[in-house]
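In what follows, a structure is listed as structure tokens, so that the remarks can point back to it.
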Amino acid sequence: MPSEKLQAIILAAGKATRFKTDKSKLLEKICGQEMILYVTKLLEEINIPTTAVVGFQREALQKTIKKQHNNRINYTLQKEQKGTGHALLCAQPHLTKENILVLNGDMPLISKDIINALYEKHVKTEAKISFVTAHNSDPTAGAYGRVINNNKTIEIIEEKDFTGDIHEHCCINAGIYIIKKQFLDNHINNLTTENKSHEFYITDLVKIASEKGLTVSTLSAPFDKVRGVNTLKELWAAEQVKRAEVVKQWMNKGVRFSLAQSVHIDLNVTIGAGTYIDCNVHLLKGTQVGKNCTINGFSTLSQATVGDNTTIYPHSIIGNSTIGKNAKIGPFACIHEEATIGDDAIIGNFVEVRKSSIGNNSKAKHLTYLANSCIGSNVTIGAGTITCNHDGHQYHRTIIENNVFIGANNSLVAPVDIKEHTATTAGAIICNTPQTTCSICYNPQEESTSNQPKKKKRFCKKNKEHQVSL
Amino acid sequence: MPSEKLQAIILAAGKATRFKTDKSKLLEKICGQEMILYVTKLLEEINIPTTAVVGFQREALQKTIKKQHNNRINYTLQKEQKGTGHALLCAQPHLTKENILVLNGDMPLISKDIINALYEKHVKTEAKISFVTAHNSDPTAGAYGRVINNNKTIEIIEEKDFTGDIHEHCCINAGIYIIKKQFLDNHINNLTTENKSHEFYITDLVKIASEKGLTVSTLSAPFDKVRGVNTLKELWAAEQVKRAEVVKQWMNKGVRFSLAQSVHIDLNVTIGAGTYIDCNVHLLKGTQVGKNCTINGFSTLSQATVGDNTTIYPHSIIGNSTIGKNAKIGPFACIHEEATIGDDAIIGNFVEVRKSSIGNNSKAKHLTYLANSCIGSNVTIGAGTITCNHDGHQYHRTIIENNVFIGANNSLVAPVDIKEHTATTAGAIICNTPQTTCSICYNPQEESTSNQPKKKKRFCKKNKEHQVSL
Amino acid sequence: MPSEKLQAIILAAGKATRFKTDKSKLLEKICGQEMILYVTKLLEEINIPTTAVVGFQREALQKTIKKQHNNRINYTLQKEQKGTGHALLCAQPHLTKENILVLNGDMPLISKDIINALYEKHVKTEAKISFVTAHNSDPTAGAYGRVINNNKTIEIIEEKDFTGDIHEHCCINAGIYIIKKQFLDNHINNLTTENKSHEFYITDLVKIASEKGLTVSTLSAPFDKVRGVNTLKELWAAEQVKRAEVVKQWMNKGVRFSLAQSVHIDLNVTIGAGTYIDCNVHLLKGTQVGKNCTINGFSTLSQATVGDNTTIYPHSIIGNSTIGKNAKIGPFACIHEEATIGDDAIIGNFVEVRKSSIGNNSKAKHLTYLANSCIGSNVTIGAGTITCNHDGHQYHRTIIENNVFIGANNSLVAPVDIKEHTATTAGAIICNTPQTTCSICYNPQEESTSNQPKKKKRFCKKNKEHQVSL
């Protein structure tokens with residue numbers, strides 16, 4: 001795209017009153033990404049300098065955009081909501097390029113080929129204004145203006161002002177325009193509010209151009225690509241389309257889905273080939289699943305890393321944690337808050353692991369709670385065992401060294417350190433054992449020099465290598 | 001509707017043999033409401049006096065209708081199943097109004113505008129008989145009679161007798177008629193059983209009227225609105241349509257759904273604006289969810305009340321219980337049998353709360369069982385704690401006063417009363433402590449005067465106010 | 001089918017490179033059955049002698065086929081992948097009958113009526129080659145050759161070589177042929193690799209026949225019946241169709257489904273009439289569910305047997321286990337590894353039962369782990385109870401005789417035998433009680449003579465009768 005001749009204005013100021021919620025619709029997430037970022041990232045990808053017209057909840061909106069784009073996007077304020085034409089007027093001081101791309105912020109399914117094709121046609125036909133149309137004759141499909149194309153003139157009638165038959169006039173205005181700056185400058189002030197909404201419409205520029213005999217070009221696109229999001233129903237529909245796109249992409253890369261339509265995968269997730277994703281699995285927030293894994297039904301992984309060949313049994317929740325290779329997790333496991341599970345480890349049913357590291361080949365299979373713990377390799381934790389990590393005032397750590405056998409129904413009262421090759425009896429209450437400093441958990445030298453974020457040090461990440469120093 | 005000129009007959013006597021089950025299909029629930037009540041409530045709403053023709057499982061059917069309508073609906077018995085015409089004959093002694101609306105009991109999707117429009121057309125055209133038609137050429141779409149409309153005559157051929165091409169004759173009889181009483185009285189006895197089913201058909205009245213040159217009127221309606229339910233597949237289809245209607249209604253009121261097609265909401269549920277409903281959530285039996293809540297996936301709420309801003313984490317079950325504001329419940333929580341959870345409280349994973357009240361800002365986060373308990377505010381219950389509420393003979397209550405810390409893996413052997421500001425050690429077995437009478441749990445004065453149902457008194461509903469008396 | 005005049009060749013040698021996985025697509029399961037077996041079982045059912053052309057992963061493939069068909073199917077090896085024509089060439093030595101049916105191994109939805117109709121038409125029209133066509137103009141619908149039928153000639157253009165408009169040429173080649181052996185013998189060596197894939201195409205035989213003025217017959221079939229599976233997306237689509245077929249079949253037999261499209265049922269499962277299957281239930285691997293049961297949402301039953309009138313509450317997992325009549329299981333129950341639950345028994349939330357038998361009318365309702373146990377009738381297991389069945393070296397058994405009450409939070413340290421009519425106190429640790437030999441668990445005489453597999457003897461299957469000998 002010729003960035004020297006084209007700049008973009010995103011209309012992002014409106015309050016989506018039809019959402020009936022307090023939050024800006026543009027901050028609602030679709031497949032884990034805020035709606036506004038679908039448009040801003042697309043424009044950045046095709047290298048078009050962008051100005052966002054903001055108004056409603058602009059601080060939150062700008063914060064979200066800034067997190068993604070730093071200061072590469074400009075903003076202009078539309079204080080009052082007086083229509084799309086008025087939004088453009090607010091942006092006028094920012095207009096410097098020969099052509100102005102105008103599009104709504106609520107178009108999460110738009111793709112770059114449509115923008116490219118519109119620009120190409122706009123240039124080729126030497127149009128004053130060009131816009132994208134789509135076919136839609138569904139009366140419930142949202143508030144789209146209708147394109148009325150007589151032999152000589154072309155006009156867009158906004159939904160509120162349209163009284164014809166939508167089956168006859170099934171061509172809608174998608175709300176994506178490229179306008180010659182000069183034409184815009186000449187006529188933006190001719191817009192009026194003589195319509196049912198008493199708003200200034202960009203669409204009247206089409207009528208003006210048409211009436212003056214100037215060239216107006218249109219590009220037809222599939223409705224699903226340009227659908228807007230003005231209601232919660234449309235938000236659901238848009239996410240459906242995006243979700244299906246994401247799943248199909250992973251199918252093409254060798255991931256098998258049993259009931260693909262029930263699975264949700266965020267945009268920034270990765271999955272290895274040969275992995276099987278069962279029904280109703282959710283993979284969220286940058287989760288990385290290895291190759292040849294099985295993720296069984298009703299499991300949710302968020303900010304999780306799962307090694308190759310690992311099986312997650314049904315109804316498991318993994319949040320902000322790392323699972324090794326060849327591990328077996330669940331069913332009904334809850335692993336969260338920076339837990340680390342080693343290779344070949346087994347975490348079974350009704351087991352919660354939290355702020356703990358579990359070494360390779362260790363097992364905790366039944367009704368167990370492991371928190372603030374550093375557990376070595378080849379450890380077996382008996383059924384019903386509880387780490388009593390809080391004394392009413394503060395948290396304490398439990399250390400279980402390599403090759404330990406904890407009998408069933410134990411209470412491990414932290415601070416406690418179970419030495420290597422120890423076995424405890426069933427029902428034991430183990431408390432106040434002298435605790436060796438765990439060189440991984442706490443290493444003063446490392447602390448002073450390390451660049452790693454401090455919270456990462458709470459747990460032993462590499463039991464195998466370091467456990468010897470216990 | 002002019003109730004003085006119109007009365008309704010509901011055909012509700014048949015045994016739905018194609019269901020292959022023992023239970024009357026009319027008692028099967030759709031979005032939590034028995035199928036028969038969709039028609040009876042509609043007729044009551046538009047003020048049409050109604051008689052139900054009953055037969056198969058009539059006692060159960062009448063009991064269900066009575067629960068909703070008291071004695072406002074009449075019944076007539078059709079002892080043997082000899083067809084729709086015979087059912088009408090059974091109802092004849094009840095016919096007193098000028099016009100008789102006849103419709104099947106298995107039309108859960110019918111809406112009042114169709115009834116109104118049919119009546120209007122019937123009156124305007126001065127028809128002897130009027131009926132609703134719909135378009136359907138799906139051969140698997142159930143057993144509908146086909147409307148054969150030659151230039152001069154109109155006739156309905158029942159499915160069993162129809163031998164033509166359903167694509168050519170795609171107009172079906174929906175089974176909703178308005179008949180002039182006088183015409184009905186004159187001709188009901190002319191019906192014969194000369195057909196494959198050897199039954200009396202109402203539809204023959206159409207033929208009779210047509211042949212005599214009397215006016216027959218038809219009204220076309222969308223198939224989905226008039227679809228009947230003769231098989232379990234049709235029941236599933238009808239509930240699909242109704243379920244989608246209910247979800248869309250909540251979308252329009254500001255509720256966000258992630259995977260709307262996986263959610264089930266009963267008719268009598270309410271949800272506040274700004275609430276987010278994740279995949280596979282079930283909201284049943286009058287559940288009330290507040291504003292700005294999050295109900296995560298795979299959770300089922302039945303007869304539940306949830307305060308504003310509360311989060312229900314995935315895989316939680318709440319039955320016949322009340323959750324306060326700003327609370328956090330789950331994942332994998334099971335709260336049932338009249339439990340009450342206070343504001344800002346946290347109930348975590350693998351925790352069951354049953355017949356208990358938990359005060360504001362109290363926590364039970366891991367692998368815990370709380371039953372028959374009255375727990376105050378600012379209480380922390382350690383992981384793995386069990387209220388031992390049954391001694392093999394009877395249940396006893398556990399009282400935990402405000403600001404108590406229960407260590408992990410405790411056994412609280414009821415009857416037991418843990419005093420304010422107490423802390424217990426990990427693994428403790430607390431038993432047989434002298435128990436103070438809980439003024440909320442047991443108040444003899446209140447008992448003798450209260451109108452509240454007795455079972456409501458078992459638990460302390462308002463710990464904060466009353467706990468002082470402990 | 002006249003097996004004396006027809007034999008079948010299954011093309012099963014190819015590597016499904018578009019799957020992007022290591023495993024042969026023909027071994028992927030659809031509704032619990034390997035894809036290849038859909039075709040082989042169909043051919044056996046209609047009594048057509050069959051030869052499979054194998055190559056990629058042929059050992060695994062032949063092993064799967066052999067398990068189903070013993071040695072009733074022949075194999076021929078296609079070492080290199082040089083196209084369908086080449087596969088046929090490899091099979092030539094096996095061809096003995098007058099007509100050769102050729103079909104792909106990846107057609108899990110094919111039905112016998114299509115094969116029968118093709119054969120009938122082939123014989124009646126005295127065709128040299130006959131094949132099945134279907135209508136498809138979806139550009140994403142996989143790699144199908146297009147049937148180009150001019151007035152005089154008929155030809156199939158493979159997808160890679162096709163350059164026309166698929167909407168104009170919407171008739172595809174399904175890949176199912178019947179070829180006269182004599183015609184095949186005469187012309188198989190005339191096939192060339194003059195095409196984009198440089199492969200030998202069976203489809204060129206159609207062109208040859210057509211050009212020589214020999215009869216070519218076609219049979220049109222619904223696309224869904226003949227769809228192939230060349231990508232993971234097509235695998236998903238095929239399983240969708242099959243899954244819907246299976247569910248509809250059970251609807252017709254009196255099973256109610258709430259959200260039928262979310263349920264997965266394997267082919268070899270049985271369900272009694274009057275049973276209700278809620279959303280997202282999975283019934284796998286030969287599971288048998290009785291009459292009038294309720295299987296609630298998110299539950300998975302695999303190799304399970306469930307008696308009549310039993311309720312499985314939500315989120316329950318039952319694997320390789322047997323549940324009696326009128327039992328109540330779950331929510332959040334995990335019953336697996338050859339467990340047996342008696343009639344009227346209750347297994348509640350967060351309870352795991354493994355390698356154990358539970359007698360009639362016994363209960364374990366909360367946060368309990370029962371393993372390697374033989375539990376009698378009328379037993380109550382208190383909340384939080386753990387069978388401590390492993391001492392760090394080996395597993396031991398827990399015996400609980402009839403009419404026992406185990407208090408809450410007990411640790412039952414195996415080997416242990418709790419005698420009839422015993423009650424234990426809350427929080428008790430019961431260990432090393434002298435253990436009576438359980439005549440069901442261990443009967444030396446039976447062991448020496450029995451034909452039953454040994455593992456079946458680990459648990460008491462019929463507590464009621466045998467518990468007296470304890």
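Convention: chains lettered A, B, ... in structure tokens order; per-chain residue numbering from 1; ligands numbered from 1 as shown.
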
### Task
Could you please select, counting only C-alpha atoms, the residues of chain B within 8 Å of chain C and state them as a list of chain:residue names?
B:Arg18, B:Phe19, B:Lys20, B:Thr21, B:Asp22, B:Thr231, B:Leu232, B:Lys233, B:Trp236, B:Glu239, B:Gln240, B:Phe298, B:His315, B:Cys334, B:Phe350, B:Glu352, B:Leu367, B:Thr368, B:Tyr369, B:Gly384, B:Ile386, B:Thr387, B:Cys388, B:His390, B:Asp391, B:Gly392, B:Ser411, B:Val413, B:Ile429

### Message
With DSSP run on the backbone, what are the strand (DSSP E) residues within region 121-345 of chain B? I'd like them as a PyMOL selection string.
### Response
chain B and resi 129-135+146-149+154-157+171-180+216-220+256-257+264-265+270-271+276-277+282-284+288-289+294-295+300-302+305-306+311-312+317-319+322-323+328-329+333-336+340-341

Any chance you can output those residues with C-alpha atoms as an mmCIF file, in the first residue's frame?
data_model
loop_
_atom_site.group_PDB
_atom_site.id
_atom_site.type_symbol
_atom_site.label_atom_id
_atom_site.label_comp_id
_atom_site.auth_asym_id
_atom_site.auth_seq_id
_atom_site.Cartn_x
_atom_site.Cartn_y
_atom_site.Cartn_z
ATOM 1 C CA ILE B 129 -63.946 -22.704 8.753
ATOM 2 C CA SER B 130 -60.497 -21.098 8.720
ATOM 3 C CA PHE B 131 -57.146 -22.693 9.350
ATOM 4 C CA VAL B 132 -53.428 -21.978 9.472
ATOM 5 C CA THR B 133 -51.058 -23.280 6.808
ATOM 6 C CA ALA B 134 -47.292 -23.272 6.514
ATOM 7 C CA HIS B 135 -44.694 -24.086 3.916
ATOM 8 C CA ARG B 146 -51.133 -31.481 2.823
ATOM 9 C CA VAL B 147 -53.390 -28.666 1.662
ATOM 10 C CA ILE B 148 -54.596 -29.332 -1.861
ATOM 11 C CA ASN B 149 -55.958 -26.130 -3.275
ATOM 12 C CA ILE B 154 -59.679 -26.788 -0.942
ATOM 13 C CA GLU B 155 -58.958 -30.047 0.792
ATOM 14 C CA ILE B 156 -56.518 -31.406 3.375
ATOM 15 C CA ILE B 157 -55.065 -34.862 2.773
ATOM 16 C CA CYS B 171 -48.376 -26.290 1.863
ATOM 17 C CA ILE B 172 -49.153 -28.102 5.108
ATOM 18 C CA ASN B 173 -52.024 -27.893 7.563
ATOM 19 C CA ALA B 174 -50.730 -26.605 10.891
ATOM 20 C CA GLY B 175 -53.679 -27.994 12.866
ATOM 21 C CA ILE B 176 -55.122 -24.656 14.060
ATOM 22 C CA TYR B 177 -58.736 -24.025 13.081
ATOM 23 C CA ILE B 178 -61.481 -21.553 13.785
ATOM 24 C CA ILE B 179 -64.880 -23.051 13.016
ATOM 25 C CA LYS B 180 -68.322 -21.459 13.129
ATOM 26 C CA VAL B 216 -62.906 -21.604 3.761
ATOM 27 C CA SER B 217 -60.118 -19.198 4.738
ATOM 28 C CA THR B 218 -56.452 -19.933 5.297
ATOM 29 C CA LEU B 219 -53.665 -18.007 6.956
ATOM 30 C CA SER B 220 -50.030 -18.706 6.139
ATOM 31 C CA ARG B 256 -23.047 -11.130 26.696
ATOM 32 C CA PHE B 257 -22.853 -14.772 25.626
ATOM 33 C CA HIS B 264 -29.673 -23.208 28.205
ATOM 34 C CA ILE B 265 -31.885 -20.726 30.026
ATOM 35 C CA THR B 270 -33.651 -13.316 35.077
ATOM 36 C CA ILE B 271 -30.191 -11.915 34.286
ATOM 37 C CA TYR B 276 -21.220 -12.414 30.904
ATOM 38 C CA ILE B 277 -22.439 -15.950 30.321
ATOM 39 C CA HIS B 282 -27.352 -23.710 32.399
ATOM 40 C CA LEU B 283 -29.630 -21.310 34.240
ATOM 41 C CA LEU B 284 -32.658 -23.203 35.487
ATOM 42 C CA GLN B 288 -31.817 -14.861 39.296
ATOM 43 C CA VAL B 289 -28.409 -13.557 38.313
ATOM 44 C CA THR B 294 -19.499 -13.577 35.233
ATOM 45 C CA ILE B 295 -20.865 -17.088 34.963
ATOM 46 C CA THR B 300 -25.312 -25.015 36.319
ATOM 47 C CA LEU B 301 -27.463 -22.744 38.473
ATOM 48 C CA SER B 302 -30.868 -24.000 39.491
ATOM 49 C CA THR B 305 -29.919 -16.258 43.435
ATOM 50 C CA VAL B 306 -26.628 -14.546 42.635
ATOM 51 C CA THR B 311 -17.999 -14.454 39.605
ATOM 52 C CA ILE B 312 -18.890 -18.098 39.255
ATOM 53 C CA ILE B 317 -23.098 -26.242 40.582
ATOM 54 C CA ILE B 318 -25.436 -24.062 42.588
ATOM 55 C CA GLY B 319 -28.808 -25.473 43.544
ATOM 56 C CA THR B 322 -28.218 -17.802 47.505
ATOM 57 C CA ILE B 323 -24.889 -16.150 46.729
ATOM 58 C CA LYS B 328 -16.158 -15.737 44.063
ATOM 59 C CA ILE B 329 -17.406 -19.278 43.655
ATOM 60 C CA ALA B 333 -17.766 -25.816 43.754
ATOM 61 C CA CYS B 334 -21.003 -27.492 44.734
ATOM 62 C CA ILE B 335 -23.360 -25.290 46.732
ATOM 63 C CA HIS B 336 -26.780 -26.736 47.349
ATOM 64 C CA THR B 340 -26.360 -19.044 51.740
ATOM 65 C CA ILE B 341 -23.040 -17.455 50.832
#

### Query
If you count only C-alpha atoms, which residues fall within 7 Å of Ile36 (chain A), apart from same-chain ones fewer than 6 positions away, as a list in words?
Leu26, Leu27, Gly105 and Asp106 of chain A

### Task
Identify, with DSSP run on backbone atoms, the residues in region 110-332 of chain C assigned to helix (DSSP H, G or I), and express the list as a PyMOL selection string.
chain C and resi 112-124+159-161+181-190+203-211+223-226+232-251+260-262

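When the distance limit is 9 Å and only C-alpha atoms are what count, the residues near region 40-47 of chain A, minus those fewer than 2 positions from it on the same chain, are Met1, Pro2, Ser3, Ala8, Ile10, Ile36, Leu37, Tyr38, Pro49, Thr50, Ala52, Ile65, Gln68, His69, Arg72, Ile73, Gly105, Ile110, Ser111, Lys112 and Asn116 of chain A.
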
Resulting file, chosen residues, N, CA, C and O atoms, as an mmCIF file, in the first residue's frame:
data_model
loop_
_atom_site.group_PDB
_atom_site.id
_atom_site.type_symbol
_atom_site.label_atom_id
_atom_site.label_comp_id
_atom_site.auth_asym_id
_atom_site.auth_seq_id
_atom_site.Cartn_x
_atom_site.Cartn_y
_atom_site.Cartn_z
ATOM 1 N N MET A 1 0.857 -1.201 0.000
ATOM 2 C CA MET A 1 0.000 0.000 0.000
ATOM 3 C C MET A 1 0.885 1.242 0.000
ATOM 4 O O MET A 1 1.875 1.319 0.716
ATOM 5 N N PRO A 2 0.510 2.198 -0.782
ATOM 6 C CA PRO A 2 1.312 3.418 -0.877
ATOM 7 C C PRO A 2 1.017 4.339 0.305
ATOM 8 O O PRO A 2 0.105 5.160 0.241
ATOM 9 N N SER A 3 1.762 4.183 1.368
ATOM 10 C CA SER A 3 1.455 4.941 2.574
ATOM 11 C C SER A 3 1.643 6.441 2.365
ATOM 12 O O SER A 3 1.101 7.251 3.091
ATOM 13 N N ALA A 8 -5.497 6.631 7.160
ATOM 14 C CA ALA A 8 -6.765 6.050 7.607
ATOM 15 C C ALA A 8 -7.339 6.792 8.804
ATOM 16 O O ALA A 8 -6.604 7.276 9.667
ATOM 17 N N ILE A 10 -10.115 5.944 11.743
ATOM 18 C CA ILE A 10 -10.990 4.930 12.347
ATOM 19 C C ILE A 10 -12.045 5.645 13.181
ATOM 20 O O ILE A 10 -11.707 6.459 14.043
ATOM 21 N N ILE A 36 -11.250 -3.319 18.851
ATOM 22 C CA ILE A 36 -10.610 -2.198 18.151
ATOM 23 C C ILE A 36 -9.274 -2.614 17.524
ATOM 24 O O ILE A 36 -8.886 -2.115 16.453
ATOM 25 N N LEU A 37 -8.579 -3.566 18.167
ATOM 26 C CA LEU A 37 -7.240 -3.934 17.692
ATOM 27 C C LEU A 37 -7.262 -4.719 16.377
ATOM 28 O O LEU A 37 -6.261 -4.780 15.673
ATOM 29 N N TYR A 38 -8.402 -5.306 16.048
ATOM 30 C CA TYR A 38 -8.467 -5.984 14.742
ATOM 31 C C TYR A 38 -8.250 -4.992 13.615
ATOM 32 O O TYR A 38 -7.558 -5.275 12.643
ATOM 33 N N PRO A 49 -0.775 5.016 7.791
ATOM 34 C CA PRO A 49 -0.801 5.878 8.972
ATOM 35 C C PRO A 49 -2.238 6.109 9.426
ATOM 36 O O PRO A 49 -3.119 6.333 8.586
ATOM 37 N N THR A 50 -2.464 6.033 10.723
ATOM 38 C CA THR A 50 -3.837 5.952 11.229
ATOM 39 C C THR A 50 -4.133 6.973 12.316
ATOM 40 O O THR A 50 -3.312 7.208 13.205
ATOM 41 N N ALA A 52 -7.306 7.695 15.046
ATOM 42 C CA ALA A 52 -8.567 7.199 15.592
ATOM 43 C C ALA A 52 -9.369 8.363 16.141
ATOM 44 O O ALA A 52 -8.850 9.160 16.918
ATOM 45 N N ILE A 65 -5.109 0.643 22.848
ATOM 46 C CA ILE A 65 -4.412 0.797 21.564
ATOM 47 C C ILE A 65 -2.917 1.022 21.802
ATOM 48 O O ILE A 65 -2.064 0.442 21.127
ATOM 49 N N GLN A 68 -0.670 -1.911 22.391
ATOM 50 C CA GLN A 68 -0.320 -2.669 21.186
ATOM 51 C C GLN A 68 0.594 -1.861 20.267
ATOM 52 O O GLN A 68 1.538 -2.382 19.695
ATOM 53 N N HIS A 69 0.298 -0.569 20.109
ATOM 54 C CA HIS A 69 0.940 0.204 19.045
ATOM 55 C C HIS A 69 1.855 1.303 19.572
ATOM 56 O O HIS A 69 2.316 2.121 18.779
ATOM 57 N N ARG A 72 2.199 4.911 17.799
ATOM 58 C CA ARG A 72 2.154 4.910 16.338
ATOM 59 C C ARG A 72 0.772 5.255 15.785
ATOM 60 O O ARG A 72 0.596 5.327 14.577
ATOM 61 N N ILE A 73 -0.196 5.444 16.638
ATOM 62 C CA ILE A 73 -1.536 5.840 16.185
ATOM 63 C C ILE A 73 -1.895 7.184 16.812
ATOM 64 O O ILE A 73 -1.626 7.427 17.992
ATOM 65 N N GLY A 105 -14.554 1.261 13.687
ATOM 66 C CA GLY A 105 -13.708 0.489 14.589
ATOM 67 C C GLY A 105 -14.250 -0.882 14.928
ATOM 68 O O GLY A 105 -13.557 -1.709 15.502
ATOM 69 N N ILE A 110 -12.654 -7.793 9.008
ATOM 70 C CA ILE A 110 -12.149 -7.192 7.781
ATOM 71 C C ILE A 110 -10.750 -7.746 7.471
ATOM 72 O O ILE A 110 -9.958 -8.014 8.370
ATOM 73 N N SER A 111 -10.473 -7.938 6.189
ATOM 74 C CA SER A 111 -9.149 -8.450 5.804
ATOM 75 C C SER A 111 -8.475 -7.480 4.849
ATOM 76 O O SER A 111 -9.131 -6.666 4.192
ATOM 77 N N LYS A 112 -7.163 -7.606 4.751
ATOM 78 C CA LYS A 112 -6.424 -6.596 4.012
ATOM 79 C C LYS A 112 -6.699 -6.625 2.506
ATOM 80 O O LYS A 112 -6.590 -5.612 1.837
ATOM 81 N N ASN A 116 -7.042 -3.405 0.121
ATOM 82 C CA ASN A 116 -6.193 -3.278 -1.065
ATOM 83 C C ASN A 116 -7.017 -3.140 -2.339
ATOM 84 O O ASN A 116 -6.747 -2.281 -3.187
#

Lys212 (chain B): which residues within 12 Å, counting only C-alpha atoms, same-chain residues fewer than 3 positions away excluded, as a CSV table (one decimal) with N, CA, C and O atoms, in the first residue's frame?
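Writing done, so here's result_24.csv:
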chain,number,residue,atom,x,y,z
B,128,LYS,N,-66.8,-20.2,7.2
B,128,LYS,CA,-67.3,-21.2,8.0
B,128,LYS,C,-66.2,-22.0,8.8
B,128,LYS,O,-66.4,-22.4,9.9
B,152,LYS,N,-61.2,-24.3,-7.4
B,152,LYS,CA,-62.5,-24.2,-6.8
B,152,LYS,C,-62.6,-24.8,-5.4
B,152,LYS,O,-63.4,-24.3,-4.6
B,153,THR,N,-61.9,-25.8,-5.2
B,153,THR,CA,-62.0,-26.5,-3.9
B,153,THR,C,-60.7,-26.5,-3.1
B,153,THR,O,-59.6,-26.4,-3.7
B,154,ILE,N,-60.8,-26.7,-1.8
B,154,ILE,CA,-59.7,-26.8,-0.9
B,154,ILE,C,-59.9,-28.0,-0.1
B,154,ILE,O,-61.0,-28.3,0.4
B,183,PHE,N,-71.9,-24.2,11.9
B,183,PHE,CA,-71.3,-25.1,10.8
B,183,PHE,C,-70.9,-26.4,11.4
B,183,PHE,O,-71.1,-27.5,10.9
B,187,HIS,N,-72.4,-30.4,10.9
B,187,HIS,CA,-71.6,-31.3,10.1
B,187,HIS,C,-70.7,-32.3,10.8
B,187,HIS,O,-70.2,-33.2,10.2
B,205,LEU,N,-63.9,-31.5,7.7
B,205,LEU,CA,-64.8,-30.4,7.7
B,205,LEU,C,-64.5,-29.4,6.6
B,205,LEU,O,-65.3,-28.7,6.1
B,206,VAL,N,-63.2,-29.2,6.4
B,206,VAL,CA,-62.7,-28.3,5.3
B,206,VAL,C,-63.3,-28.8,4.0
B,206,VAL,O,-63.8,-28.0,3.2
B,207,LYS,N,-63.2,-30.1,3.7
B,207,LYS,CA,-63.6,-30.6,2.5
B,207,LYS,C,-65.2,-30.4,2.3
B,207,LYS,O,-65.6,-30.0,1.3
B,208,ILE,N,-65.9,-30.7,3.4
B,208,ILE,CA,-67.3,-30.5,3.4
B,208,ILE,C,-67.7,-29.1,3.1
B,208,ILE,O,-68.5,-28.8,2.2
B,209,ALA,N,-67.1,-28.1,3.8
B,209,ALA,CA,-67.4,-26.7,3.5
B,209,ALA,C,-67.1,-26.3,2.1
B,209,ALA,O,-67.8,-25.7,1.4
B,215,THR,N,-67.5,-20.6,2.5
B,215,THR,CA,-66.1,-20.0,2.5
B,215,THR,C,-65.2,-20.7,3.5
B,215,THR,O,-65.5,-21.0,4.6
B,216,VAL,N,-64.0,-21.1,3.0
B,216,VAL,CA,-62.9,-21.6,3.8
B,216,VAL,C,-61.8,-20.6,3.7
B,216,VAL,O,-61.4,-20.3,2.6
